[in-house]
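S.K.: This is my_file_20.txt (compact mmCIF, C-alpha atoms).
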```txt
# COMPACT_ATOMS: atom_id res chain seq x y z
CA MET A 1 -181.18 30.28 107.23
CA ILE A 2 -179.88 33.75 106.59
CA PRO A 3 -178.76 32.98 102.98
CA GLN A 4 -182.22 31.59 102.24
CA ARG A 5 -183.76 34.78 103.65
CA ARG A 6 -181.59 36.87 101.36
CA GLY A 7 -182.78 34.77 98.43
CA VAL A 8 -186.40 35.47 99.30
CA GLU A 9 -185.69 39.19 99.63
CA ALA A 10 -183.87 39.22 96.28
CA LYS A 11 -186.84 37.51 94.63
CA ARG A 12 -189.25 40.02 96.15
CA LYS A 13 -187.08 42.91 94.99
CA ALA A 14 -186.90 41.47 91.46
CA TRP A 15 -190.67 40.94 91.42
CA ARG A 16 -191.32 44.54 92.53
CA TYR A 17 -188.88 45.80 89.90
CA GLY A 18 -190.69 43.77 87.25
CA VAL A 19 -194.11 45.05 88.30
CA ARG A 20 -192.79 48.63 88.25
CA SER A 21 -191.29 48.07 84.80
CA GLU A 22 -194.60 46.74 83.46
CA LEU A 23 -196.39 49.79 84.88
CA ILE A 24 -193.94 52.16 83.17
CA ALA A 25 -194.33 50.25 79.90
CA ALA A 26 -198.13 50.35 80.21
CA TRP A 27 -198.11 54.13 80.63
CA PHE A 28 -195.70 54.46 77.73
CA LEU A 29 -198.12 52.55 75.51
CA ARG A 30 -201.06 54.61 76.76
CA PHE A 31 -199.25 57.79 75.74
CA LYS A 32 -198.79 56.24 72.29
CA GLY A 33 -202.54 55.71 71.93
CA TYR A 34 -202.87 52.07 73.05
CA ARG A 35 -205.57 50.83 75.40
CA ILE A 36 -204.27 48.36 77.97
CA LEU A 37 -206.53 45.31 78.15
CA ALA A 38 -204.48 43.24 80.62
CA ARG A 39 -201.34 43.41 82.72
CA GLY A 40 -199.51 40.34 83.94
CA PHE A 41 -201.84 37.88 82.18
CA ARG A 42 -200.83 34.45 83.45
CA THR A 43 -202.08 30.99 82.54
CA PRO A 44 -200.72 27.49 83.10
CA VAL A 45 -199.36 27.54 79.51
CA GLY A 46 -197.56 30.89 79.64
CA GLU A 47 -197.78 34.56 80.47
CA VAL A 48 -197.90 37.93 78.76
CA ASP A 49 -196.68 41.09 80.49
CA LEU A 50 -199.06 43.46 78.70
CA ILE A 51 -201.93 43.06 76.28
CA ALA A 52 -202.95 46.22 74.48
CA ARG A 53 -205.10 47.34 71.61
CA ARG A 54 -204.85 50.21 69.19
CA GLY A 55 -207.45 50.30 66.46
CA ARG A 56 -207.69 46.89 64.80
CA VAL A 57 -204.41 45.62 66.25
CA LEU A 58 -204.15 43.45 69.35
CA VAL A 59 -200.63 43.54 70.77
CA PHE A 60 -198.99 41.07 73.14
CA VAL A 61 -196.05 42.81 74.78
CA GLU A 62 -192.99 41.43 76.56
CA VAL A 63 -191.31 43.94 78.88
CA LYS A 64 -187.61 43.63 79.69
CA ALA A 65 -185.63 45.93 81.98
CA ARG A 66 -181.91 45.48 81.42
CA ARG A 67 -178.63 47.41 81.28
CA ASP A 68 -178.77 47.82 77.51
CA VAL A 69 -180.95 47.02 74.51
CA ALA A 70 -178.81 44.06 73.41
CA ALA A 71 -179.16 42.38 76.80
CA ALA A 72 -182.92 43.04 76.82
CA ALA A 73 -183.33 41.59 73.32
CA ALA A 74 -181.24 38.54 74.18
CA ALA A 75 -183.46 37.88 77.20
CA ILE A 76 -186.44 37.04 74.97
CA THR A 77 -185.68 33.45 74.02
CA ARG A 78 -187.49 31.31 71.46
CA GLY A 79 -189.00 29.28 74.30
CA GLN A 80 -190.30 32.42 75.94
CA GLN A 81 -191.78 33.56 72.64
CA GLN A 82 -193.62 30.26 72.39
CA ARG A 83 -194.96 30.56 75.96
CA ILE A 84 -196.16 34.09 75.20
CA ALA A 85 -197.89 32.80 72.05
CA ARG A 86 -199.64 30.05 74.04
CA ALA A 87 -200.80 32.59 76.62
CA ALA A 88 -201.96 34.87 73.78
CA GLY A 89 -204.04 32.00 72.44
CA ALA A 90 -205.54 31.46 75.88
CA PHE A 91 -206.40 35.16 76.10
CA ILE A 92 -208.14 35.02 72.71
CA GLY A 93 -210.01 31.94 73.92
CA LEU A 94 -211.33 33.96 76.86
CA HIS A 95 -212.13 36.95 74.63
CA PRO A 96 -213.37 35.54 71.30
CA GLU A 97 -214.69 38.98 70.29
CA LEU A 98 -211.03 39.99 69.77
CA ALA A 99 -210.17 37.05 67.50
CA GLY A 100 -210.83 39.03 64.32
CA LEU A 101 -208.22 41.67 65.13
CA ASP A 102 -204.72 41.66 63.67
CA GLN A 103 -202.28 40.30 66.23
CA ARG A 104 -198.69 41.27 66.87
CA TYR A 105 -195.90 40.52 69.35
CA ASP A 106 -194.05 43.58 70.57
CA ALA A 107 -191.25 44.18 73.07
CA ILE A 108 -190.59 47.15 75.29
CA PHE A 109 -187.08 47.51 76.65
CA LEU A 110 -186.49 49.65 79.70
CA ILE A 111 -182.92 50.84 80.05
CA ARG A 112 -181.97 52.91 83.08
CA ARG A 113 -182.08 56.68 82.43
CA LYS A 114 -183.29 56.19 78.84
CA ARG A 115 -186.62 56.52 77.11
CA PRO A 116 -188.37 53.13 76.73
CA VAL A 117 -187.61 51.36 73.45
CA HIS A 118 -190.73 49.97 71.76
CA ILE A 119 -190.04 47.29 69.15
CA GLU A 120 -193.19 46.71 67.13
CA ASP A 121 -193.59 43.26 65.58
CA ALA A 122 -190.52 42.11 67.54
CA TRP A 123 -190.92 38.47 66.45
CA ARG A 124 -193.15 36.12 64.55
CA LEU A 125 -193.78 32.47 65.17
CA ASN A 126 -194.06 30.39 62.04
CA GLY A 127 -195.79 27.17 62.89
```
Could you take the file, read its structure, and then write that structure out as structure tokens?

M.R.:
Amino acid sequence: MIPQRRGVEAKRKAWRYGVRSELIAAWFLRFKGYRILARGFRTPVGEVDLIARRGRVLVFVEVKARRDVAAAAAAITRGQQQRIARAAGAFIGLHPELAGLDQRYDAIFLIRRKRPVHIEDAWRLNG
């Protein structure tokens, strides 16, 4: 039972680290003039770490905390992009007043002891 307990503790630690990373990313976006509309938006079809708006642009943001930018970028797989897009669609369905805004998928990479890296328009899904 002790190994299982360690697994639970590791999951809790990873979850707390992820929540902290999303909070840092949210404040980073706020300082850049974005308004945070949702954090940790989860649906049965996918999830989005942050949803923000600046002007006429609605941004769906994936946050990754890794050792370096390359590892963070590699952690956003095509499947994950598709799940984020499905969740984005669900968010728009719940907030139809936002449907007319331009939409974009961004990424924020958090690297230890470095300024957050914000990649605007990090990916596009074609079809």

S.K.: Please indicate the distance in Å from CA of Ala52 in chain A to CA of Val69 in chain A, rounded to one decimal place.

M.R.: 22.0 Å

S.K.: Of the candidates A:Gly79, A:Pro116, A:Gly89, A:Gly7, which one gets nearest to Phe41 in chain A if we count all atoms listed in the file?

M.R.: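 Comparing A:Gly79, A:Pro116, A:Gly89, A:Gly7 against Phe41 in chain A, the winner is A:Gly89.
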
S.K.: To test the calculation: enclose all listed atoms of range 6-13 of chain A in a box whose edges run along x, y and z, add 4 Å on each side, then state centre and edge lengths in Å to one decimal, as lines of an AutoDock Vina configuration file.

M.R.:
```
center_x = -185.4
center_y = 38.8
center_z = 98.0
size_x = 15.7
size_y = 16.1
size_z = 14.7
```

S.K.: In Å, rounded to a single decimal, give me how far CA of Ala74 in chain A is from CA of Phe60 in chain A.

M.R.: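 Interatomic distance, CA of Phe60 in chain A to CA of Ala74 in chain A: 18.0 Å.
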
S.K.: Name the closest residue to Arg115 in chain A among the candidates A:Gln103, A:Ala72, A:Ala25, A:Glu47; distances are taken between atoms, counting all atoms listed in the file.

M.R.: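 Checking each candidate against Arg115 in chain A, we get A:Ala25 as the closest.
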
S.K.: Show me the residues close to (-200.5, 43.0, 66.0) - anything with an atom within 12 Å, counting all atoms listed in the file - and format the list as a ChimeraX atom specification.

M.R.: /A:34,51-61,88,98-107,119-124

S.K.: How many Å lie between CA of Ile111 in chain A and CA of Arg35 in chain A, rounded to one decimal?

M.R.: 23.1 Å

S.K.: Need the shell around Val45 in chain A: protein/DNA/RNA residues with any atom at most 12 Å away, counting all atoms listed in the file. Skip same-chain ones fewer than 3 positions apart. Format as a PyMOL selection string?

M.R.: chain A and resi 41-42+48+79-91

S.K.: For a quick check of understanding, using all atoms listed in the file, which of A:Ala10, A:Arg113, A:Ala65, A:Thr43 has the smallest distance to Gly93 in chain A?

M.R.: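 Looking only at the distances to Gly93 in chain A, the closest residue turns out to be A:Thr43.
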
S.K.: Residues near Ala70 in chain A, anyone? I mean within 12 Å using all atoms listed in the file, not counting same-chain ones fewer than 6 positions away, as an NGL selection string.

M.R.: :A and (64 or 76 or 109-111 or 117)

S.K.: What would range 80-112 of chain A look like with N, CA and C atoms in place, written as a PDB file, in the frame of the given file?

M.R.:
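For reference, out-v2.pdb as written:
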```
ATOM      1  N   GLN A  80    -189.440  31.407  75.342  1.00  0.00           N
ATOM      2  CA  GLN A  80    -190.300  32.420  75.940  1.00  0.00           C
ATOM      3  C   GLN A  80    -191.307  32.943  74.925  1.00  0.00           C
ATOM      4  N   GLN A  81    -190.865  33.128  73.696  1.00  0.00           N
ATOM      5  CA  GLN A  81    -191.780  33.560  72.640  1.00  0.00           C
ATOM      6  C   GLN A  81    -192.923  32.566  72.482  1.00  0.00           C
ATOM      7  N   GLN A  82    -192.600  31.286  72.533  1.00  0.00           N
ATOM      8  CA  GLN A  82    -193.620  30.260  72.390  1.00  0.00           C
ATOM      9  C   GLN A  82    -194.591  30.257  73.567  1.00  0.00           C
ATOM     10  N   ARG A  83    -194.080  30.482  74.781  1.00  0.00           N
ATOM     11  CA  ARG A  83    -194.960  30.560  75.960  1.00  0.00           C
ATOM     12  C   ARG A  83    -195.886  31.774  75.861  1.00  0.00           C
ATOM     13  N   ILE A  84    -195.346  32.890  75.380  1.00  0.00           N
ATOM     14  CA  ILE A  84    -196.160  34.090  75.200  1.00  0.00           C
ATOM     15  C   ILE A  84    -197.264  33.815  74.170  1.00  0.00           C
ATOM     16  N   ALA A  85    -196.903  33.132  73.083  1.00  0.00           N
ATOM     17  CA  ALA A  85    -197.890  32.800  72.050  1.00  0.00           C
ATOM     18  C   ALA A  85    -198.989  31.895  72.603  1.00  0.00           C
ATOM     19  N   ARG A  86    -198.626  30.922  73.434  1.00  0.00           N
ATOM     20  CA  ARG A  86    -199.640  30.050  74.040  1.00  0.00           C
ATOM     21  C   ARG A  86    -200.565  30.852  74.954  1.00  0.00           C
ATOM     22  N   ALA A  87    -199.982  31.749  75.735  1.00  0.00           N
ATOM     23  CA  ALA A  87    -200.800  32.590  76.620  1.00  0.00           C
ATOM     24  C   ALA A  87    -201.694  33.519  75.788  1.00  0.00           C
ATOM     25  N   ALA A  88    -201.169  34.024  74.674  1.00  0.00           N
ATOM     26  CA  ALA A  88    -201.960  34.870  73.780  1.00  0.00           C
ATOM     27  C   ALA A  88    -203.168  34.091  73.268  1.00  0.00           C
ATOM     28  N   GLY A  89    -202.941  32.848  72.894  1.00  0.00           N
ATOM     29  CA  GLY A  89    -204.040  32.000  72.440  1.00  0.00           C
ATOM     30  C   GLY A  89    -205.077  31.783  73.529  1.00  0.00           C
ATOM     31  N   ALA A  90    -204.614  31.616  74.756  1.00  0.00           N
ATOM     32  CA  ALA A  90    -205.540  31.460  75.880  1.00  0.00           C
ATOM     33  C   ALA A  90    -206.343  32.734  76.100  1.00  0.00           C
ATOM     34  N   PHE A  91    -205.699  33.880  75.952  1.00  0.00           N
ATOM     35  CA  PHE A  91    -206.400  35.160  76.100  1.00  0.00           C
ATOM     36  C   PHE A  91    -207.491  35.299  75.041  1.00  0.00           C
ATOM     37  N   ILE A  92    -207.147  34.968  73.802  1.00  0.00           N
ATOM     38  CA  ILE A  92    -208.140  35.020  72.710  1.00  0.00           C
ATOM     39  C   ILE A  92    -209.284  34.059  73.008  1.00  0.00           C
ATOM     40  N   GLY A  93    -208.963  32.893  73.561  1.00  0.00           N
ATOM     41  CA  GLY A  93    -210.010  31.940  73.920  1.00  0.00           C
ATOM     42  C   GLY A  93    -210.983  32.502  74.948  1.00  0.00           C
ATOM     43  N   LEU A  94    -210.476  33.335  75.857  1.00  0.00           N
ATOM     44  CA  LEU A  94    -211.330  33.960  76.860  1.00  0.00           C
ATOM     45  C   LEU A  94    -212.069  35.183  76.320  1.00  0.00           C
ATOM     46  N   HIS A  95    -211.547  35.745  75.236  1.00  0.00           N
ATOM     47  CA  HIS A  95    -212.130  36.950  74.630  1.00  0.00           C
ATOM     48  C   HIS A  95    -212.305  36.751  73.125  1.00  0.00           C
ATOM     49  N   PRO A  96    -213.224  35.859  72.725  1.00  0.00           N
ATOM     50  CA  PRO A  96    -213.370  35.540  71.300  1.00  0.00           C
ATOM     51  C   PRO A  96    -213.773  36.742  70.442  1.00  0.00           C
ATOM     52  N   GLU A  97    -214.317  37.777  71.052  1.00  0.00           N
ATOM     53  CA  GLU A  97    -214.690  38.980  70.290  1.00  0.00           C
ATOM     54  C   GLU A  97    -213.457  39.697  69.731  1.00  0.00           C
ATOM     55  N   LEU A  98    -212.281  39.372  70.242  1.00  0.00           N
ATOM     56  CA  LEU A  98    -211.030  39.990  69.770  1.00  0.00           C
ATOM     57  C   LEU A  98    -210.333  39.154  68.697  1.00  0.00           C
ATOM     58  N   ALA A  99    -210.843  37.978  68.420  1.00  0.00           N
ATOM     59  CA  ALA A  99    -210.170  37.050  67.500  1.00  0.00           C
ATOM     60  C   ALA A  99    -210.022  37.607  66.091  1.00  0.00           C
ATOM     61  N   GLY A 100    -210.900  38.485  65.671  1.00  0.00           N
ATOM     62  CA  GLY A 100    -210.830  39.030  64.320  1.00  0.00           C
ATOM     63  C   GLY A 100    -209.823  40.154  64.142  1.00  0.00           C
ATOM     64  N   LEU A 101    -209.212  40.589  65.222  1.00  0.00           N
ATOM     65  CA  LEU A 101    -208.220  41.670  65.130  1.00  0.00           C
ATOM     66  C   LEU A 101    -206.885  41.138  64.623  1.00  0.00           C
ATOM     67  N   ASP A 102    -206.106  42.009  64.001  1.00  0.00           N
ATOM     68  CA  ASP A 102    -204.720  41.660  63.670  1.00  0.00           C
ATOM     69  C   ASP A 102    -203.969  41.496  64.980  1.00  0.00           C
ATOM     70  N   GLN A 103    -203.038  40.556  65.013  1.00  0.00           N
ATOM     71  CA  GLN A 103    -202.280  40.300  66.230  1.00  0.00           C
ATOM     72  C   GLN A 103    -200.794  40.496  65.975  1.00  0.00           C
ATOM     73  N   ARG A 104    -200.108  40.965  67.015  1.00  0.00           N
ATOM     74  CA  ARG A 104    -198.690  41.270  66.870  1.00  0.00           C
ATOM     75  C   ARG A 104    -198.007  41.047  68.222  1.00  0.00           C
ATOM     76  N   TYR A 105    -196.724  40.660  68.142  1.00  0.00           N
ATOM     77  CA  TYR A 105    -195.900  40.520  69.350  1.00  0.00           C
ATOM     78  C   TYR A 105    -194.889  41.658  69.366  1.00  0.00           C
ATOM     79  N   ASP A 106    -194.962  42.461  70.418  1.00  0.00           N
ATOM     80  CA  ASP A 106    -194.050  43.580  70.570  1.00  0.00           C
ATOM     81  C   ASP A 106    -193.158  43.359  71.795  1.00  0.00           C
ATOM     82  N   ALA A 107    -192.123  44.167  71.892  1.00  0.00           N
ATOM     83  CA  ALA A 107    -191.250  44.180  73.070  1.00  0.00           C
ATOM     84  C   ALA A 107    -191.032  45.624  73.473  1.00  0.00           C
ATOM     85  N   ILE A 108    -190.974  45.842  74.760  1.00  0.00           N
ATOM     86  CA  ILE A 108    -190.590  47.150  75.290  1.00  0.00           C
ATOM     87  C   ILE A 108    -189.389  46.919  76.194  1.00  0.00           C
ATOM     88  N   PHE A 109    -188.303  47.620  75.871  1.00  0.00           N
ATOM     89  CA  PHE A 109    -187.080  47.510  76.650  1.00  0.00           C
ATOM     90  C   PHE A 109    -186.930  48.758  77.501  1.00  0.00           C
ATOM     91  N   LEU A 110    -186.719  48.547  78.778  1.00  0.00           N
ATOM     92  CA  LEU A 110    -186.490  49.650  79.700  1.00  0.00           C
ATOM     93  C   LEU A 110    -185.029  49.637  80.121  1.00  0.00           C
ATOM     94  N   ILE A 111    -184.344  50.685  79.750  1.00  0.00           N
ATOM     95  CA  ILE A 111    -182.920  50.840  80.050  1.00  0.00           C
ATOM     96  C   ILE A 111    -182.817  52.036  80.994  1.00  0.00           C
ATOM     97  N   ARG A 112    -182.089  51.863  82.064  1.00  0.00           N
ATOM     98  CA  ARG A 112    -181.970  52.910  83.080  1.00  0.00           C
ATOM     99  C   ARG A 112    -181.588  54.260  82.470  1.00  0.00           C
TER     100      ARG A 112
END
```
